[in-house]
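K.L.:
Provided below: data.cif, containing mmCIF, C-alpha atoms and all ligand atoms.
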```
data_coords
loop_
_atom_site.label_atom_id
_atom_site.label_comp_id
_atom_site.auth_asym_id
_atom_site.auth_seq_id
_atom_site.Cartn_x
_atom_site.Cartn_y
_atom_site.Cartn_z
CA MET R 1 34.37 211.70 60.54
CA LYS R 2 31.36 213.79 61.66
CA THR R 3 31.27 214.82 65.34
CA VAL R 4 29.06 217.11 67.45
CA GLN R 5 30.23 219.10 70.46
CA LEU R 6 27.96 219.59 73.49
CA HIS R 7 28.31 221.58 76.72
CA ASN R 8 26.87 221.27 80.22
CA GLY R 9 23.56 222.82 81.26
CA THR R 10 20.00 222.21 82.47
CA LEU R 11 16.77 221.37 80.63
CA THR R 12 13.75 223.65 80.80
CA GLY R 13 10.61 224.11 78.74
CA GLU R 14 8.21 221.85 76.84
CA VAL R 15 8.81 219.31 74.13
CA ARG R 16 6.97 216.71 72.05
CA VAL R 17 9.18 213.77 71.10
CA PRO R 18 8.71 211.95 67.76
CA GLY R 19 6.30 209.03 67.35
CA ASP R 20 6.83 205.69 69.06
CA LYS R 21 9.17 203.38 67.14
CA SER R 22 7.49 200.10 68.14
CA ILE R 23 4.02 201.41 67.27
CA SER R 24 5.18 202.99 63.99
CA HIS R 25 6.67 199.67 62.77
CA ARG R 26 3.50 197.78 63.62
CA SER R 27 1.24 200.40 61.98
CA VAL R 28 2.91 199.84 58.61
CA MET R 29 3.02 196.06 58.95
CA LEU R 30 -0.65 195.67 59.91
CA GLY R 31 -1.72 198.38 57.43
CA ALA R 32 0.00 196.38 54.68
CA LEU R 33 -1.80 193.15 55.68
CA ALA R 34 -5.22 194.80 55.97
CA LYS R 35 -7.55 195.37 53.04
CA GLY R 36 -8.26 199.02 52.24
CA THR R 37 -6.74 202.31 53.30
CA THR R 38 -4.80 202.86 56.51
CA THR R 39 -3.78 206.37 57.51
CA ILE R 40 -1.17 206.98 60.20
CA SER R 41 -0.36 210.33 61.78
CA ASN R 42 2.70 211.24 63.87
CA PHE R 43 4.58 208.32 62.29
CA LEU R 44 8.26 208.11 63.28
CA THR R 45 10.30 208.82 60.15
CA GLY R 46 13.48 207.51 61.79
CA ALA R 47 15.73 205.21 59.78
CA ASP R 48 14.40 201.98 61.38
CA CYS R 49 10.75 202.68 60.51
CA LEU R 50 11.75 203.77 57.01
CA SER R 51 13.32 200.30 56.64
CA THR R 52 9.91 198.82 57.46
CA ILE R 53 8.24 201.01 54.83
CA GLU R 54 10.81 200.03 52.19
CA ALA R 55 10.36 196.34 53.01
CA PHE R 56 6.60 196.50 52.42
CA ARG R 57 7.03 198.58 49.26
CA ALA R 58 9.30 195.76 48.02
CA LEU R 59 6.38 193.39 48.74
CA GLY R 60 4.19 195.49 46.44
CA VAL R 61 2.31 197.66 48.95
CA ASP R 62 1.52 201.25 48.00
CA ILE R 63 2.82 203.49 50.84
CA ALA R 64 2.91 207.29 50.66
CA VAL R 65 4.82 209.40 53.21
CA GLU R 66 4.20 213.12 53.64
CA GLY R 67 5.95 214.60 56.66
CA GLN R 68 4.78 212.45 59.59
CA ASP R 69 1.64 211.25 57.76
CA VAL R 70 1.65 207.84 56.10
CA THR R 71 -1.07 206.43 53.83
CA ILE R 72 -1.14 202.75 52.97
CA GLU R 73 -3.33 201.29 50.20
CA SER R 74 -3.41 197.53 50.29
CA GLY R 75 -5.46 194.78 48.70
CA GLY R 76 -4.76 192.69 51.81
CA PHE R 77 -2.07 190.08 52.44
CA HIS R 78 -3.20 187.91 49.48
CA GLU R 79 -1.99 190.68 47.17
CA LEU R 80 1.57 190.90 48.50
CA VAL R 81 4.07 189.94 45.80
CA GLU R 82 7.51 188.34 45.70
CA PRO R 83 10.18 191.08 45.92
CA LYS R 84 12.45 191.42 42.89
CA HIS R 85 15.56 191.99 45.03
CA PRO R 86 16.91 191.17 48.51
CA ILE R 87 15.49 193.50 51.19
CA ASP R 88 17.83 195.73 53.23
CA LEU R 89 16.60 196.02 56.83
CA GLY R 90 19.31 198.47 57.89
CA ASN R 91 19.78 198.53 61.66
CA SER R 92 16.31 197.36 62.69
CA GLY R 93 15.84 194.24 64.82
CA THR R 94 12.10 194.87 65.18
CA THR R 95 11.59 195.03 61.40
CA THR R 96 13.55 191.81 60.89
CA ARG R 97 11.89 189.68 63.53
CA LEU R 98 8.30 190.83 62.94
CA LEU R 99 8.69 190.71 59.16
CA LEU R 100 9.95 187.11 59.40
CA GLY R 101 6.69 186.23 61.18
CA ILE R 102 4.68 187.73 58.30
CA LEU R 103 6.85 186.22 55.55
CA ALA R 104 6.47 182.82 57.21
CA GLY R 105 2.82 182.96 56.14
CA LEU R 106 3.41 184.01 52.51
CA PRO R 107 4.29 181.68 49.63
CA HIS R 108 7.13 183.91 48.34
CA HIS R 109 10.89 183.54 48.41
CA VAL R 110 12.46 186.53 50.14
CA VAL R 111 16.08 187.32 51.06
CA LEU R 112 16.75 189.66 53.99
CA TYR R 113 19.96 191.42 54.97
CA GLY R 114 21.03 194.32 57.16
CA ASP R 115 23.94 196.46 58.36
CA ALA R 116 26.97 195.20 60.30
CA SER R 117 25.21 195.51 63.67
CA LEU R 118 21.99 193.74 62.61
CA THR R 119 24.02 191.00 60.92
CA LYS R 120 25.46 190.05 64.34
CA ARG R 121 22.11 189.80 66.13
CA PRO R 122 20.49 186.44 66.95
CA MET R 123 17.51 185.40 64.81
CA ASN R 124 17.17 181.79 66.05
CA ARG R 125 14.71 183.07 68.62
CA VAL R 126 12.23 183.53 65.75
CA THR R 127 13.54 181.24 63.01
CA VAL R 128 13.34 178.11 65.22
CA PRO R 129 9.63 178.48 66.14
CA LEU R 130 8.68 179.77 62.65
CA ARG R 131 10.29 176.66 61.11
CA GLU R 132 8.28 174.58 63.54
CA MET R 133 5.14 176.23 62.15
CA GLY R 134 6.22 175.26 58.63
CA ALA R 135 8.34 178.09 57.18
CA ARG R 136 11.48 177.20 55.22
CA ILE R 137 14.30 179.42 56.43
CA ASP R 138 17.99 179.22 55.68
CA GLY R 139 20.90 181.51 56.41
CA ARG R 140 24.23 182.02 58.07
CA ASP R 141 24.87 180.04 61.27
CA HIS R 142 22.01 177.63 60.40
CA GLY R 143 19.53 180.46 60.13
CA ASP R 144 20.57 182.36 63.26
CA LYS R 145 22.13 185.34 61.45
CA LEU R 146 21.34 187.54 58.46
CA PRO R 147 21.42 187.24 55.51
CA LEU R 148 18.43 184.92 55.72
CA SER R 149 16.25 183.47 53.01
CA ILE R 150 12.66 182.50 53.73
CA ARG R 151 9.85 180.81 51.83
CA GLY R 152 6.64 180.53 53.81
CA GLY R 153 3.08 179.32 53.40
CA GLN R 154 1.03 176.38 54.71
CA LEU R 155 1.66 177.15 58.37
CA THR R 156 0.26 175.13 61.22
CA PRO R 157 -0.74 176.88 64.45
CA MET R 158 1.27 176.30 67.61
CA THR R 159 1.48 177.03 71.31
CA TYR R 160 4.83 178.55 72.13
CA THR R 161 6.33 179.52 75.50
CA LEU R 162 8.80 182.37 75.09
CA PRO R 163 12.31 181.27 76.12
CA VAL R 164 13.36 184.96 76.32
CA ASN R 165 11.21 187.87 77.46
CA SER R 166 10.87 189.44 74.03
CA ALA R 167 7.99 191.37 72.48
CA GLN R 168 9.65 190.90 69.10
CA VAL R 169 9.47 187.10 69.39
CA LYS R 170 5.91 187.21 70.77
CA SER R 171 4.81 189.49 67.92
CA SER R 172 6.54 187.41 65.26
CA ILE R 173 4.71 184.23 66.31
CA LEU R 174 1.34 186.00 66.68
CA LEU R 175 1.71 187.53 63.20
CA ALA R 176 2.55 184.10 61.74
CA GLY R 177 -0.52 182.79 63.57
CA LEU R 178 -2.71 185.09 61.44
CA PHE R 179 -1.85 182.88 58.44
CA THR R 180 -2.91 179.56 60.01
CA LYS R 181 -6.21 177.71 60.16
CA GLY R 182 -6.41 177.46 63.93
CA THR R 183 -5.39 179.05 67.22
CA THR R 184 -1.81 180.16 67.90
CA THR R 185 -0.95 180.84 71.52
CA VAL R 186 2.14 182.57 72.89
CA VAL R 187 2.84 182.09 76.59
CA GLU R 188 4.83 184.97 78.04
CA PRO R 189 6.04 184.36 81.60
CA VAL R 190 6.71 188.10 82.09
CA PRO R 191 4.59 190.76 80.32
CA THR R 192 6.40 192.50 77.45
CA ARG R 193 5.21 195.46 75.35
CA ASP R 194 1.77 194.63 73.97
CA HIS R 195 1.40 197.04 71.04
CA THR R 196 0.88 194.20 68.54
CA GLU R 197 -2.06 192.80 70.47
CA ARG R 198 -3.63 196.23 70.97
CA MET R 199 -3.18 197.28 67.35
CA LEU R 200 -4.48 194.00 65.91
CA LYS R 201 -7.77 194.80 67.62
CA ALA R 202 -7.85 198.20 65.85
CA PHE R 203 -7.67 196.30 62.52
CA GLY R 204 -10.62 194.09 63.53
CA VAL R 205 -8.66 191.04 64.67
CA GLU R 206 -9.76 189.28 67.83
CA VAL R 207 -6.84 188.63 70.22
CA ASN R 208 -7.41 187.02 73.60
CA ARG R 209 -5.27 187.23 76.72
CA GLU R 210 -5.84 184.83 79.60
CA GLY R 211 -3.21 185.15 82.31
CA ASN R 212 0.12 184.72 80.52
CA ASP R 213 -1.42 183.21 77.36
CA ILE R 214 -2.09 185.36 74.31
CA SER R 215 -4.07 183.69 71.50
CA VAL R 216 -5.02 184.60 67.98
CA VAL R 217 -7.19 182.63 65.56
CA GLY R 218 -5.91 182.60 61.96
CA ASN R 219 -7.68 183.66 58.78
CA GLN R 220 -9.48 186.69 60.23
CA GLU R 221 -10.52 189.63 58.06
CA MET R 222 -8.33 192.70 58.55
CA SER R 223 -9.56 196.06 57.35
CA GLY R 224 -7.68 199.34 56.98
CA THR R 225 -8.07 201.92 59.74
CA LYS R 226 -7.00 205.33 61.02
CA LEU R 227 -4.12 205.40 63.51
CA GLU R 228 -2.24 208.06 65.46
CA VAL R 229 1.15 207.26 66.99
CA PRO R 230 1.88 208.54 70.52
CA GLY R 231 5.24 210.14 71.36
CA ASP R 232 7.94 207.56 72.12
CA ILE R 233 8.57 207.17 75.85
CA SER R 234 11.90 205.52 75.02
CA SER R 235 12.97 208.77 73.33
CA ALA R 236 11.43 210.90 76.08
CA ALA R 237 13.50 208.89 78.60
CA PHE R 238 16.70 210.69 77.59
CA PHE R 239 15.25 214.11 78.39
CA LEU R 240 13.51 212.83 81.54
CA VAL R 241 16.84 211.60 82.87
CA GLY R 242 18.65 214.75 81.69
CA ALA R 243 16.22 216.87 83.71
CA ALA R 244 16.05 214.59 86.76
CA MET R 245 19.82 214.66 87.28
CA THR R 246 20.44 218.40 86.78
CA ASP R 247 19.56 220.86 89.54
CA GLY R 248 17.37 223.68 88.23
CA SER R 249 15.82 221.70 85.35
CA ASP R 250 12.03 221.86 84.86
CA LEU R 251 10.76 220.04 81.81
CA THR R 252 7.38 218.94 80.44
CA ILE R 253 7.06 216.26 77.77
CA ARG R 254 3.68 216.36 76.04
CA ASP R 255 1.64 213.66 74.27
CA VAL R 256 3.89 210.76 75.17
CA GLY R 257 2.76 207.12 75.13
CA LEU R 258 1.99 205.78 78.61
CA ASN R 259 1.25 202.13 77.83
CA PRO R 260 1.97 200.37 81.16
CA THR R 261 4.25 197.82 79.45
CA ARG R 262 6.56 200.74 78.56
CA THR R 263 6.57 203.02 81.61
CA GLY R 264 9.27 201.25 83.64
CA ILE R 265 11.41 204.40 83.36
CA VAL R 266 8.74 206.41 85.22
CA ASP R 267 8.63 203.80 88.01
CA VAL R 268 12.42 203.88 88.35
CA LEU R 269 12.51 207.69 88.46
CA GLU R 270 9.80 207.65 91.16
CA ARG R 271 11.66 204.99 93.18
CA MET R 272 14.85 207.06 92.94
CA GLY R 273 13.03 210.04 94.44
CA ALA R 274 12.72 212.18 91.30
CA SER R 275 10.20 215.02 91.25
CA ILE R 276 7.95 213.64 88.50
CA ASN R 277 4.29 214.08 87.68
CA VAL R 278 2.45 212.00 85.06
CA THR R 279 -0.99 212.95 83.69
CA THR R 280 -2.94 210.74 81.32
CA THR R 281 -4.76 213.12 78.97
CA ARG R 282 -6.47 210.80 76.46
CA TYR R 283 -6.45 207.44 74.70
CA ILE R 284 -5.47 206.83 71.09
CA GLY R 285 -7.36 203.64 70.35
CA ASP R 286 -6.22 201.36 73.12
CA GLU R 287 -3.00 203.27 73.91
CA ALA R 288 -2.80 205.79 76.80
CA ILE R 289 -1.13 209.13 76.12
CA GLY R 290 -0.28 212.04 78.41
CA ASP R 291 2.19 214.58 79.77
CA ILE R 292 5.15 214.10 82.08
CA GLN R 293 6.60 216.95 84.12
CA ILE R 294 9.96 216.47 85.80
CA LYS R 295 12.34 218.64 87.81
CA GLY R 296 15.95 218.19 88.92
CA SER R 297 16.24 216.71 92.44
CA ARG R 298 18.39 214.57 94.73
CA LEU R 299 18.29 210.92 93.74
CA LYS R 300 18.92 207.66 95.55
CA ALA R 301 20.16 204.29 94.27
CA VAL R 302 17.77 201.40 93.44
CA THR R 303 17.91 197.75 92.40
CA ILE R 304 16.36 196.94 89.02
CA GLY R 305 15.81 193.35 87.87
CA GLY R 306 13.40 190.47 87.24
CA ASP R 307 9.98 191.54 85.98
CA ASP R 308 11.10 195.22 85.85
CA ILE R 309 13.34 194.61 82.85
CA PRO R 310 11.02 194.28 79.80
CA ALA R 311 9.23 197.56 80.60
CA LEU R 312 12.51 199.50 80.47
CA ILE R 313 14.89 197.34 78.43
CA ASP R 314 15.84 200.14 75.99
CA GLU R 315 16.17 202.66 78.83
CA LEU R 316 18.91 200.79 80.70
CA PRO R 317 21.85 202.71 79.13
CA ILE R 318 20.35 206.06 80.17
CA ILE R 319 19.34 204.64 83.58
CA ALA R 320 23.01 203.70 84.13
CA LEU R 321 23.93 207.37 83.62
CA LEU R 322 21.14 208.41 85.99
CA ALA R 323 22.47 205.99 88.61
CA SER R 324 25.89 207.68 88.45
CA GLN R 325 24.17 210.77 89.94
CA ALA R 326 22.25 208.93 92.68
CA GLU R 327 23.42 208.39 96.22
CA GLY R 328 24.46 204.77 96.82
CA GLU R 329 24.91 201.63 94.75
CA THR R 330 22.47 200.90 91.92
CA VAL R 331 22.28 197.28 90.76
CA ILE R 332 20.87 196.33 87.35
CA LYS R 333 20.43 192.55 86.97
CA ASP R 334 18.56 189.98 84.83
CA ALA R 335 19.28 192.12 81.78
CA GLU R 336 21.58 189.85 79.73
CA GLU R 337 19.36 190.70 76.72
CA LEU R 338 21.32 193.98 76.59
CA ARG R 339 24.21 192.02 75.10
CA TRP R 340 22.10 191.31 71.95
CA LYS R 341 20.97 194.81 71.05
CA GLU R 342 22.54 197.14 68.43
CA THR R 343 25.80 196.59 70.33
CA ASP R 344 26.63 194.77 73.58
CA ARG R 345 25.08 197.53 75.71
CA ILE R 346 26.58 196.27 78.98
CA GLU R 347 30.12 196.49 77.54
CA ALA R 348 29.47 199.79 75.72
CA VAL R 349 27.89 201.52 78.75
CA VAL R 350 30.62 200.32 81.13
CA GLN R 351 33.43 201.47 78.80
CA THR R 352 31.81 204.85 78.09
CA LEU R 353 30.84 205.74 81.65
CA SER R 354 34.19 204.51 83.03
CA LYS R 355 35.93 206.90 80.61
CA MET R 356 33.75 209.70 82.05
CA GLY R 357 34.96 208.81 85.55
CA VAL R 358 31.87 206.88 86.76
CA HIS R 359 32.39 204.02 89.23
CA ILE R 360 30.73 201.25 87.24
CA LYS R 361 31.29 197.51 86.90
CA GLY R 362 29.79 195.14 84.33
CA THR R 363 28.32 191.79 85.40
CA SER R 364 27.18 188.87 83.25
CA ASP R 365 23.59 190.16 83.26
CA GLY R 366 23.83 193.84 84.13
CA MET R 367 25.84 196.53 85.89
CA VAL R 368 26.65 197.91 89.33
CA ILE R 369 26.97 201.69 89.50
CA ASN R 370 28.16 203.78 92.45
CA GLY R 371 26.85 207.33 92.48
CA SER R 372 29.21 210.23 93.12
CA GLU R 373 29.07 214.02 93.28
CA GLU R 374 32.28 214.45 91.27
CA PRO R 375 31.71 216.08 87.86
CA LEU R 376 31.91 213.78 84.83
CA LYS R 377 34.85 213.99 82.43
CA GLY R 378 34.28 215.19 78.87
CA GLY R 379 36.27 214.13 75.79
CA THR R 380 35.59 212.32 72.53
CA PHE R 381 33.25 209.33 72.55
CA GLU R 382 32.16 206.79 69.98
CA THR R 383 28.54 205.65 69.68
CA TYR R 384 29.22 201.95 68.96
CA HIS R 385 26.79 202.45 66.03
CA ASP R 386 24.01 202.45 68.61
CA HIS R 387 21.47 205.30 68.71
CA ARG R 388 20.77 204.82 72.42
CA MET R 389 24.50 205.03 73.25
CA GLY R 390 24.72 208.25 71.22
CA MET R 391 21.84 209.85 73.15
CA MET R 392 23.17 208.65 76.51
CA ILE R 393 26.54 210.30 75.78
CA ALA R 394 24.76 213.50 74.74
CA MET R 395 22.83 213.63 78.03
CA ALA R 396 26.03 213.01 80.02
CA SER R 397 27.40 216.22 78.49
CA LEU R 398 24.92 218.16 80.70
CA LEU R 399 27.16 217.21 83.63
CA THR R 400 30.72 217.41 82.28
CA GLU R 401 33.20 220.21 82.94
CA ASP R 402 34.81 219.89 79.50
CA PRO R 403 32.87 219.58 76.25
CA VAL R 404 31.74 216.19 74.92
CA HIS R 405 32.42 215.29 71.29
CA ILE R 406 30.26 212.53 69.82
CA GLN R 407 31.57 210.62 66.82
CA ASN R 408 29.03 209.42 64.26
CA PRO R 409 26.08 211.26 65.85
CA GLU R 410 23.93 210.49 62.78
CA VAL R 411 23.31 207.01 64.22
CA ILE R 412 20.69 208.72 66.44
CA ASP R 413 18.45 209.13 63.34
CA VAL R 414 17.47 205.47 63.81
CA SER R 415 14.90 206.43 66.46
CA PHE R 416 15.07 210.20 67.13
CA PRO R 417 15.86 212.29 64.02
CA THR R 418 15.14 215.63 65.75
CA PHE R 419 17.18 214.83 68.87
CA PHE R 420 19.89 217.51 68.62
CA ASN R 421 17.43 220.28 67.67
CA ASP R 422 15.12 219.35 70.54
CA LEU R 423 18.04 219.14 72.97
CA GLU R 424 19.28 222.56 71.90
CA SER R 425 15.83 224.12 72.31
CA LEU R 426 15.65 222.84 75.93
CA THR R 427 19.24 223.45 77.08
CA ASN R 428 20.19 226.51 79.16
O1 LIG F 1 8.86 194.82 69.93
C1 LIG F 1 9.48 195.89 69.87
O2 LIG F 1 9.08 196.86 69.18
C2 LIG F 1 10.74 196.01 70.62
C3 LIG F 1 11.02 195.11 71.60
C4 LIG F 1 12.27 195.11 72.39
O3 LIG F 1 13.11 194.09 71.88
P1 LIG F 1 13.00 192.56 72.41
O4 LIG F 1 11.65 192.09 72.09
O5 LIG F 1 14.03 191.81 71.62
O6 LIG F 1 13.30 192.62 73.86
C5 LIG F 1 13.01 196.44 72.28
O7 LIG F 1 14.32 196.30 72.76
C6 LIG F 1 13.03 196.98 70.88
O8 LIG F 1 13.63 198.24 70.85
C7 LIG F 1 11.64 197.13 70.32
C1 LIG F 2 16.87 197.40 70.47
C2 LIG F 2 16.32 198.37 69.75
O1 LIG F 2 15.70 198.23 68.54
P1 LIG F 2 15.69 197.01 67.51
O2 LIG F 2 15.74 195.71 68.27
O3 LIG F 2 14.43 197.19 66.73
O4 LIG F 2 16.90 197.19 66.61
C3 LIG F 2 16.27 199.75 70.30
O5 LIG F 2 15.60 200.60 69.67
O6 LIG F 2 16.88 200.05 71.34
#
```
So that I can check it, write out the structure of this file as structure tokens.

P.N.:
Amino acid sequence: MKTVQLHNGTLTGEVRVPGDKSISHRSVMLGALAKGTTTISNFLTGADCLSTIEAFRALGVDIAVEGQDVTIESGGFHELVEPKHPIDLGNSGTTTRLLLGILAGLPHHVVLYGDASLTKRPMNRVTVPLREMGARIDGRDHGDKLPLSIRGGQLTPMTYTLPVNSAQVKSSILLAGLFTKGTTTVVEPVPTRDHTERMLKAFGVEVNREGNDISVVGNQEMSGTKLEVPGDISSAAFFLVGAAMTDGSDLTIRDVGLNPTRTGIVDVLERMGASINVTTTRYIGDEAIGDIQIKGSRLKAVTIGGDDIPALIDELPIIALLASQAEGETVIKDAEELRWKETDRIEAVVQTLSKMGVHIKGTSDGMVINGSEEPLKGGTFETYHDHRMGMMIAMASLLTEDPVHIQNPEVIDVSFPTFFNDLESLTN
């Protein structure tokens, strides 16, 4: 089994993290639906986004990848064809749920499957409303689990109130709405990442938000466009936390996405007393981008819950590590969604940090972490086949007396293929 060994240290210097995963997925999906040429720069070539590319190639779309540049030539969604084989979605929840929304609108029969982790994740959250719109979907556990088979077409628009705060569900329904002859509205009680809405506008689609209601009218023309993907703040979060919790660190992350539905990690670092400075430098289309400078400092505990959660849902494992270095008791609540990610992230974080000597307790919807000045314990750790667990363990190694060995580190390629090289270039 492959392992990597890491030692303690601080983080100094400058880094650009790879392109945003959520935005990269959507750029391929919308580029495939739009008529004409779409060019994408700084695309994330992590395993999850490559699954999205392969899925649309299977649907007949011409997609060329050269380094981080992607070119899509499409005749528009009418030209998508029935795949000749079942589509492997690997580890990617975003690909699966958003793709189901698109397939719901197409008259083809498509079978979807994924790896062991994706096969355990709930799909009812999209298959139930998409069936209500008219898609025929069948699969394991009455269509809750992959493998799933779908045949779409002839959708009717709907108004749907999200039962879970999920941008994947919102996006899936809005994408299905594009294939209807009417207005589809998603009501989101708490704002979740809004990249789908912003990017649809770049492809010429009118999307309206009024309070919590987001509406799209079906049958709109979509034309190819030029896109640039900002750096992924969810990847940057690992280095931000690494620097914040190590005395002597001084790190700048350049050209990172600063969409306000994603910057919950910055708010938490500020509330904990971190020395952090954020500068918006420009806009890429409708998405803010900028630089974040952070230095190691003393940190204090916070409570994170309610409306905070969607803007930092993927950052909660690394925030748990951060909390172990803050004075006092940090409470993370209202985050039961963590149990449905690549692994049960509450269980995985509690087991991993407990093994490192952190005072942490799991709850039904979160964790309670007591900070301490004792050094963390090294050893050998598994990643639970979860990229974010792998990167959290790697950042913990900055604080351990003994080395940290990570089993199956390649899982990190899902969202951050250059992670170990970047970490090495910043570590002293
Ligand atoms: O829409 C997206 O791109 C994502 C939404 C979030 O999932 P949920 O919508 O299920 O919360 C997040 O955890 C995932 O990494 C990416
Ligand atoms: C949950 C994640 O992704 P997905 O749902 O796309 O697998 C993640 O990247 O942390």

K.L.:
For atom CA of R:His7 and atom CA of R:Ala274, quote the distance in Å rounded to one decimal.

P.N.:
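Between atom CA of R:His7 and atom CA of R:Ala274 the gap works out to 23.3 Å.
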
K.L.:
Counting all atoms listed in the file, which residue out of R:Met133, R:Met356, R:Val17, R:Val28 sits closest to R:Leu399?

P.N.:
R:Met356

K.L.:
Choose the residue, out of R:Ser415, R:Gln325, R:Thr180, R:Thr159, that has the smallest atom-to-atom separation from R:Gly231; count all atoms listed in the file.

P.N.:
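That would be R:Ser415, the residue with the smallest distance to R:Gly231.
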
K.L.:
Figure out the distance between atom CA of R:Lys361 and atom CA of R:Gly378, please, to one decimal in Å.

P.N.:
19.6 Å

K.L.:
Let me have the centre and edge lengths in Å, one decimal, of the box along x, y and z around every listed atom of ligand LIG 1 (chain F) with 6 Å of margin on each side, as AutoDock Vina command-line options.

P.N.:
```
--center_x 11.6 --center_y 195.0 --center_z 71.5 --size_x 17.5 --size_y 18.4 --size_z 16.7
```

K.L.:
Hey, which residues sit close to ligand LIG 2 (chain F)? Say within 9 Å, counting all atoms listed in the file, and write them as a ChimeraX atom specification.

P.N.:
/R:21-22,48,91-97,117-118,121,168,234,313-315,338,340-343,386-388,414-415

K.L.:
Have a look at R:Leu240, R:Val216, R:Leu98, R:Lys333 and name the one nearest to R:Ser364; count only C-alpha atoms.

P.N.:
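Looking only at the distances to R:Ser364, the closest residue turns out to be R:Lys333.
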
K.L.:
Under the rule that only C-alpha atoms and all ligand atoms are counted, which of R:Ile23, R:Leu426, R:Ile265, R:Ala288 is the nearest residue to ligand LIG 1 (chain F)?

P.N.:
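Answer, going by the shortest atom-to-atom distance: R:Ile23.
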
K.L.:
With distances taken over only C-alpha atoms and all ligand atoms, which of R:Lys355, R:Lys377, R:Arg262, R:His142 is nearest to ligand LIG 1 (chain F)?

P.N.:
R:Arg262

K.L.:
What does the distance from atom CA of R:Asp141 to atom CA of R:Asn124 come to in Å, to one decimal?

P.N.:
9.2 Å

K.L.:
Counting all atoms listed in the file, which residue out of R:Thr192, R:Thr119, R:Ser41, R:Thr418 sits closest to ligand LIG 1 (chain F)?

P.N.:
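Among R:Thr192, R:Thr119, R:Ser41, R:Thr418, it is R:Thr192 that comes nearest to ligand LIG 1 (chain F).
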
K.L.:
Could stretch 381-395 of chain R be completed with N, CA and C atoms and returned as a PDB file, keeping the file's coordinate frame?

P.N.:
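For reference, result.pdb as written:
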```pdb
ATOM      1  N   PHE R 381      33.882 210.652  72.309  1.00  0.00           N
ATOM      2  CA  PHE R 381      33.250 209.330  72.550  1.00  0.00           C
ATOM      3  C   PHE R 381      32.672 208.770  71.263  1.00  0.00           C
ATOM      4  N   GLU R 382      32.779 207.449  71.136  1.00  0.00           N
ATOM      5  CA  GLU R 382      32.160 206.790  69.980  1.00  0.00           C
ATOM      6  C   GLU R 382      30.777 206.266  70.385  1.00  0.00           C
ATOM      7  N   THR R 383      29.921 206.070  69.390  1.00  0.00           N
ATOM      8  CA  THR R 383      28.540 205.650  69.680  1.00  0.00           C
ATOM      9  C   THR R 383      28.336 204.139  69.565  1.00  0.00           C
ATOM     10  N   TYR R 384      29.357 203.413  69.168  1.00  0.00           N
ATOM     11  CA  TYR R 384      29.220 201.950  68.960  1.00  0.00           C
ATOM     12  C   TYR R 384      28.124 201.656  67.932  1.00  0.00           C
ATOM     13  N   HIS R 385      27.873 202.587  67.024  1.00  0.00           N
ATOM     14  CA  HIS R 385      26.790 202.450  66.030  1.00  0.00           C
ATOM     15  C   HIS R 385      25.453 202.134  66.690  1.00  0.00           C
ATOM     16  N   ASP R 386      25.231 202.729  67.841  1.00  0.00           N
ATOM     17  CA  ASP R 386      24.010 202.450  68.610  1.00  0.00           C
ATOM     18  C   ASP R 386      23.371 203.779  69.002  1.00  0.00           C
ATOM     19  N   HIS R 387      22.166 204.037  68.457  1.00  0.00           N
ATOM     20  CA  HIS R 387      21.470 205.300  68.710  1.00  0.00           C
ATOM     21  C   HIS R 387      21.323 205.593  70.194  1.00  0.00           C
ATOM     22  N   ARG R 388      21.018 204.552  70.993  1.00  0.00           N
ATOM     23  CA  ARG R 388      20.770 204.820  72.420  1.00  0.00           C
ATOM     24  C   ARG R 388      22.083 205.157  73.140  1.00  0.00           C
ATOM     25  N   MET R 389      23.203 204.617  72.686  1.00  0.00           N
ATOM     26  CA  MET R 389      24.500 205.030  73.250  1.00  0.00           C
ATOM     27  C   MET R 389      24.770 206.490  72.901  1.00  0.00           C
ATOM     28  N   GLY R 390      24.478 206.867  71.645  1.00  0.00           N
ATOM     29  CA  GLY R 390      24.720 208.250  71.220  1.00  0.00           C
ATOM     30  C   GLY R 390      23.942 209.233  72.085  1.00  0.00           C
ATOM     31  N   MET R 391      22.668 208.919  72.358  1.00  0.00           N
ATOM     32  CA  MET R 391      21.840 209.850  73.150  1.00  0.00           C
ATOM     33  C   MET R 391      22.251 209.837  74.618  1.00  0.00           C
ATOM     34  N   MET R 392      22.701 208.699  75.118  1.00  0.00           N
ATOM     35  CA  MET R 392      23.170 208.650  76.510  1.00  0.00           C
ATOM     36  C   MET R 392      24.413 209.553  76.672  1.00  0.00           C
ATOM     37  N   ILE R 393      25.323 209.473  75.710  1.00  0.00           N
ATOM     38  CA  ILE R 393      26.540 210.300  75.780  1.00  0.00           C
ATOM     39  C   ILE R 393      26.152 211.786  75.716  1.00  0.00           C
ATOM     40  N   ALA R 394      25.198 212.105  74.851  1.00  0.00           N
ATOM     41  CA  ALA R 394      24.760 213.500  74.740  1.00  0.00           C
ATOM     42  C   ALA R 394      24.195 214.004  76.068  1.00  0.00           C
ATOM     43  N   MET R 395      23.410 213.181  76.760  1.00  0.00           N
ATOM     44  CA  MET R 395      22.830 213.630  78.030  1.00  0.00           C
ATOM     45  C   MET R 395      23.904 213.750  79.102  1.00  0.00           C
TER      46      MET R 395
END
```
